[in-house]
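Worksheet for the structure shown next.
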Amino acid sequence: MSTPTIAIVGRPNVGKSAIFNRMVGRRIAIVHDQPGVTRDRLCAPARITDYAALLVDTGGIGSSLDDGFAARVQQEADIAMAAADYILFVCDCRDHLTPIDRSIAAQLHKSSVPVLLVLNKADTEKQELTLGEFTALGFDDYVFTSAAHGRGFPELAAKLNAALKALGATPKAAELAPDADPEEEAEREEVGANAPVRVAIVGRPNAGKSSLINAILNDRRTIVSDIAGTTRDAIDIPYRRGEQDYMLIDTAGMRPRSKRDSSVEVFSAMRSEKAIRRSDICLLVIDMAAGVTQQDRRIGSAIAKENKPCIIVVNKFDLYCPEAPAAARREAVSEHIRENLFFLNYAPLAIVSAKEGSGLNHIFRAIERVREGARTMPGTGELNRLLQRAMEQNPPGQSRTLHKRLKLYYATTALNERYSTIPVPTYVLFVNDKRLLSDSYAQYLRNTIRARINGGDGIPIVLSPRSRVRDSK
């Protein structure tokens, strides 16, 4: 069978996201005392089980959020439960039963999907005395847990293993080493030949990131709203297009630090920044109806700083000068983007309208071109001839402070293909003194290398100068 899905459901603030994070071995979902922080379905492989399973975290059911998302959160949870093979119904054992708990239980009893009652926040054995009250929910199978302290999770894993085995799940390969950091291992997980391409969709609030993903999936997979900040977690969404697998990472809109008005929003921005680091390629979504803003430039700078492959997705093209001829509009868009995001001059453009579902093929064709370009690099001999010729044609100037010129002794290429499906090569330059490599001359060398790489758009050219101490004799 396909990989079983385990849905985590419950009312707000009972610890669903904390349980999710502990079960997947990574801090994916934002954990906060504020009810309603999780709004979308979050998906990740379960790590605490011996059998392969996909874990789904959901928004709190029955919440009375003051931002208008309660109905959509309920809908997202309904979808998760309908698609689940097994359900974890989480309650807070420190609280008394609530009408919302009883309502969720009644809804679950109408389903044929097996349910395990998880009584969370049982930090001590004393709190397990509340069991009698929760038997009124009508579930025979239960487990006490403390997501904050890890209490009860071995028992939870044992119950899940039994359930997954009965469902015909596939046994997993060897687990992580006991002393390994699961989150660090997950971020640096080695990629195989058929690994999915991790695509981070980033941008400022309301640029259309979630709408773009929904258009790609042809499904209202993430909550879409005109209210900025709808998406709070970085959501990993498996996607297959043709013969290629992708992992789409939907992220929260990144507002300027001065405008982040809550700790949740700060955590969301941190998740987005982390999504950039763990991605293979970034899609920077620009709201062309508004044009490039200062925040767009900040996010673009973060991508460039991490030396990530990038595609600039120009969204809402249908709203940009709609009366003008298409060719003229495209030319104006390209000029505007290149002028304002000059530091991402290596990133190709994909002009789309998520609302109309147009231009989506351009994105994936661009991703494939970037992947091909990553495999096209000069060999060591050619690289040295290329750079030496460039330095002869345009010699570096003499430093006014060091009173000498840059000399290149040798150049080579370092490429780590273990952790990315789109590895970015680092060009290591052994020079007399790396302080002599000015920013302008480094850019000249980058342009020289880029001109050699046919189809190398989307890949940053990373130079790593190393000072080489030569024998004075």
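Naming works like this for the structure tokens: A, B, ... for the chains as they're shown, residue 1 at the start of each chain, ligands 1 onward in shown order.
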
Practice problem: Quick one: everything within 7 Å of Leu137 (chain A), counting only C-alpha atoms, minus sequence neighbours fewer than 3 positions away in the same chain. Send it as a PyMOL selection string. | Solution: chain A and resi 102+105+134

Keeping only N, CA, C and O atoms, take the residues you just selected and write them out as a compact mmCIF listing (two decimals), in the first residue's frame.
# COMPACT_ATOMS: atom_id res chain seq x y z
N ARG A 102 -15.83 17.05 23.28
CA ARG A 102 -16.94 16.12 23.07
C ARG A 102 -17.44 16.18 21.62
O ARG A 102 -17.78 15.14 21.04
N ALA A 105 -14.97 14.34 19.42
CA ALA A 105 -15.11 12.89 19.65
C ALA A 105 -16.32 12.35 18.89
O ALA A 105 -16.25 11.27 18.27
N PHE A 134 -11.96 11.33 31.04
CA PHE A 134 -11.83 11.26 29.58
C PHE A 134 -12.37 9.96 28.99
O PHE A 134 -12.51 9.85 27.78

With a distance cut-off of 7 Å and only C-alpha atoms, select the neighbouring residues of region 353-360 of chain A, excluding the residue or stretch itself and same-chain residues fewer than 6 positions from it, and output the selection as a PDB file with all heavy atoms, in the first residue's frame.
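So the final result, stored in result.pdb, reads:
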ATOM      1  N   SER A 211      -1.184  31.004  -3.117  1.00  0.00           N
ATOM      2  CA  SER A 211      -1.989  30.902  -4.341  1.00  0.00           C
ATOM      3  C   SER A 211      -1.207  30.209  -5.448  1.00  0.00           C
ATOM      4  O   SER A 211      -1.765  29.423  -6.219  1.00  0.00           O
ATOM      5  CB  SER A 211      -2.422  32.299  -4.805  1.00  0.00           C
ATOM      6  OG  SER A 211      -3.282  32.908  -3.871  1.00  0.00           O
ATOM      7  N   LEU A 212       0.087  30.499  -5.511  1.00  0.00           N
ATOM      8  CA  LEU A 212       0.937  29.861  -6.518  1.00  0.00           C
ATOM      9  C   LEU A 212       1.005  28.357  -6.281  1.00  0.00           C
ATOM     10  O   LEU A 212       0.870  27.562  -7.223  1.00  0.00           O
ATOM     11  CB  LEU A 212       2.337  30.471  -6.470  1.00  0.00           C
ATOM     12  CG  LEU A 212       3.366  29.883  -7.426  1.00  0.00           C
ATOM     13  CD1 LEU A 212       2.957  30.136  -8.872  1.00  0.00           C
ATOM     14  CD2 LEU A 212       4.752  30.464  -7.153  1.00  0.00           C
ATOM     15  N   ALA A 215      -2.219  26.741  -7.233  1.00  0.00           N
ATOM     16  CA  ALA A 215      -2.343  26.649  -8.690  1.00  0.00           C
ATOM     17  C   ALA A 215      -1.505  25.493  -9.225  1.00  0.00           C
ATOM     18  O   ALA A 215      -1.926  24.761 -10.127  1.00  0.00           O
ATOM     19  CB  ALA A 215      -1.903  27.965  -9.334  1.00  0.00           C
ATOM     20  N   ILE A 216      -0.318  25.314  -8.650  1.00  0.00           N
ATOM     21  CA  ILE A 216       0.553  24.208  -9.078  1.00  0.00           C
ATOM     22  C   ILE A 216      -0.100  22.870  -8.759  1.00  0.00           C
ATOM     23  O   ILE A 216      -0.118  21.946  -9.586  1.00  0.00           O
ATOM     24  CB  ILE A 216       1.932  24.317  -8.393  1.00  0.00           C
ATOM     25  CG1 ILE A 216       2.699  25.526  -8.951  1.00  0.00           C
ATOM     26  CG2 ILE A 216       2.744  23.032  -8.597  1.00  0.00           C
ATOM     27  CD1 ILE A 216       3.986  25.825  -8.194  1.00  0.00           C
ATOM     28  N   ASN A 315       4.725  37.365 -10.182  1.00  0.00           N
ATOM     29  CA  ASN A 315       3.320  36.990 -10.064  1.00  0.00           C
ATOM     30  C   ASN A 315       2.406  38.190 -10.317  1.00  0.00           C
ATOM     31  O   ASN A 315       2.851  39.332 -10.316  1.00  0.00           O
ATOM     32  CB  ASN A 315       3.062  36.421  -8.665  1.00  0.00           C
ATOM     33  CG  ASN A 315       1.703  35.767  -8.542  1.00  0.00           C
ATOM     34  OD1 ASN A 315       1.151  35.277  -9.537  1.00  0.00           O
ATOM     35  ND2 ASN A 315       1.138  35.771  -7.356  1.00  0.00           N
ATOM     36  N   LYS A 316       1.128  37.890 -10.540  1.00  0.00           N
ATOM     37  CA  LYS A 316       0.084  38.891 -10.787  1.00  0.00           C
ATOM     38  C   LYS A 316       0.389  39.713 -12.043  1.00  0.00           C
ATOM     39  O   LYS A 316       0.102  40.908 -12.108  1.00  0.00           O
ATOM     40  CB  LYS A 316      -0.091  39.796  -9.564  1.00  0.00           C
ATOM     41  CG  LYS A 316      -0.392  39.026  -8.282  1.00  0.00           C
ATOM     42  CD  LYS A 316      -0.667  39.939  -7.109  1.00  0.00           C
ATOM     43  CE  LYS A 316      -0.871  39.144  -5.817  1.00  0.00           C
ATOM     44  NZ  LYS A 316      -1.136  39.982  -4.642  1.00  0.00           N
ATOM     45  N   PHE A 317       0.980  39.030 -13.030  1.00  0.00           N
ATOM     46  CA  PHE A 317       1.302  39.707 -14.281  1.00  0.00           C
ATOM     47  C   PHE A 317       0.040  40.212 -14.975  1.00  0.00           C
ATOM     48  O   PHE A 317       0.077  41.190 -15.726  1.00  0.00           O
ATOM     49  CB  PHE A 317       2.066  38.738 -15.200  1.00  0.00           C
ATOM     50  CG  PHE A 317       2.508  39.338 -16.509  1.00  0.00           C
ATOM     51  CD1 PHE A 317       3.422  40.374 -16.533  1.00  0.00           C
ATOM     52  CD2 PHE A 317       2.011  38.862 -17.715  1.00  0.00           C
ATOM     53  CE1 PHE A 317       3.836  40.929 -17.730  1.00  0.00           C
ATOM     54  CE2 PHE A 317       2.413  39.402 -18.913  1.00  0.00           C
ATOM     55  CZ  PHE A 317       3.336  40.436 -18.928  1.00  0.00           C
ATOM     56  N   ASP A 318      -1.094  39.538 -14.705  1.00  0.00           N
ATOM     57  CA  ASP A 318      -2.357  39.953 -15.318  1.00  0.00           C
ATOM     58  C   ASP A 318      -2.801  41.330 -14.859  1.00  0.00           C
ATOM     59  O   ASP A 318      -3.608  41.988 -15.531  1.00  0.00           O
ATOM     60  CB  ASP A 318      -3.454  38.924 -15.012  1.00  0.00           C
ATOM     61  CG  ASP A 318      -3.590  38.656 -13.526  1.00  0.00           C
ATOM     62  OD1 ASP A 318      -2.555  38.371 -12.893  1.00  0.00           O
ATOM     63  OD2 ASP A 318      -4.715  38.735 -13.001  1.00  0.00           O
TER      64      ASP A 318
END

Quiz prompt | alpha helix (DSSP H) positions in region 334-442 of chain A, given as a PyMOL selection string | solution = chain A and resi 334-340+360-374+380-393+439-442

Self-check item: Selection near region 438-455 of chain A, 12 Å with only C-alpha atoms, sequence-local residues under 3 positions removed, as a PyMOL selection string
Solution: chain A and resi 343+345-348+366-379+382-400+405-406+408+411+413+425-427+429+433-435+458-465

Quiz prompt | Gap from CA of Leu117 (chain A) to CA of Pro238 (chain A) - Å, one decimal | solution =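 Atom-to-atom, CA of Leu117 (chain A) to CA of Pro238 (chain A), that is 28.0 Å.
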
Practice problem: Would you return as a ChimeraX atom specification the members of region 223-401 of chain A that DSSP assigns to strand (DSSP E or B) on this structure's backbone? | Solution: /A:235-241,244-250,281-287,310-315,349-351,353,358
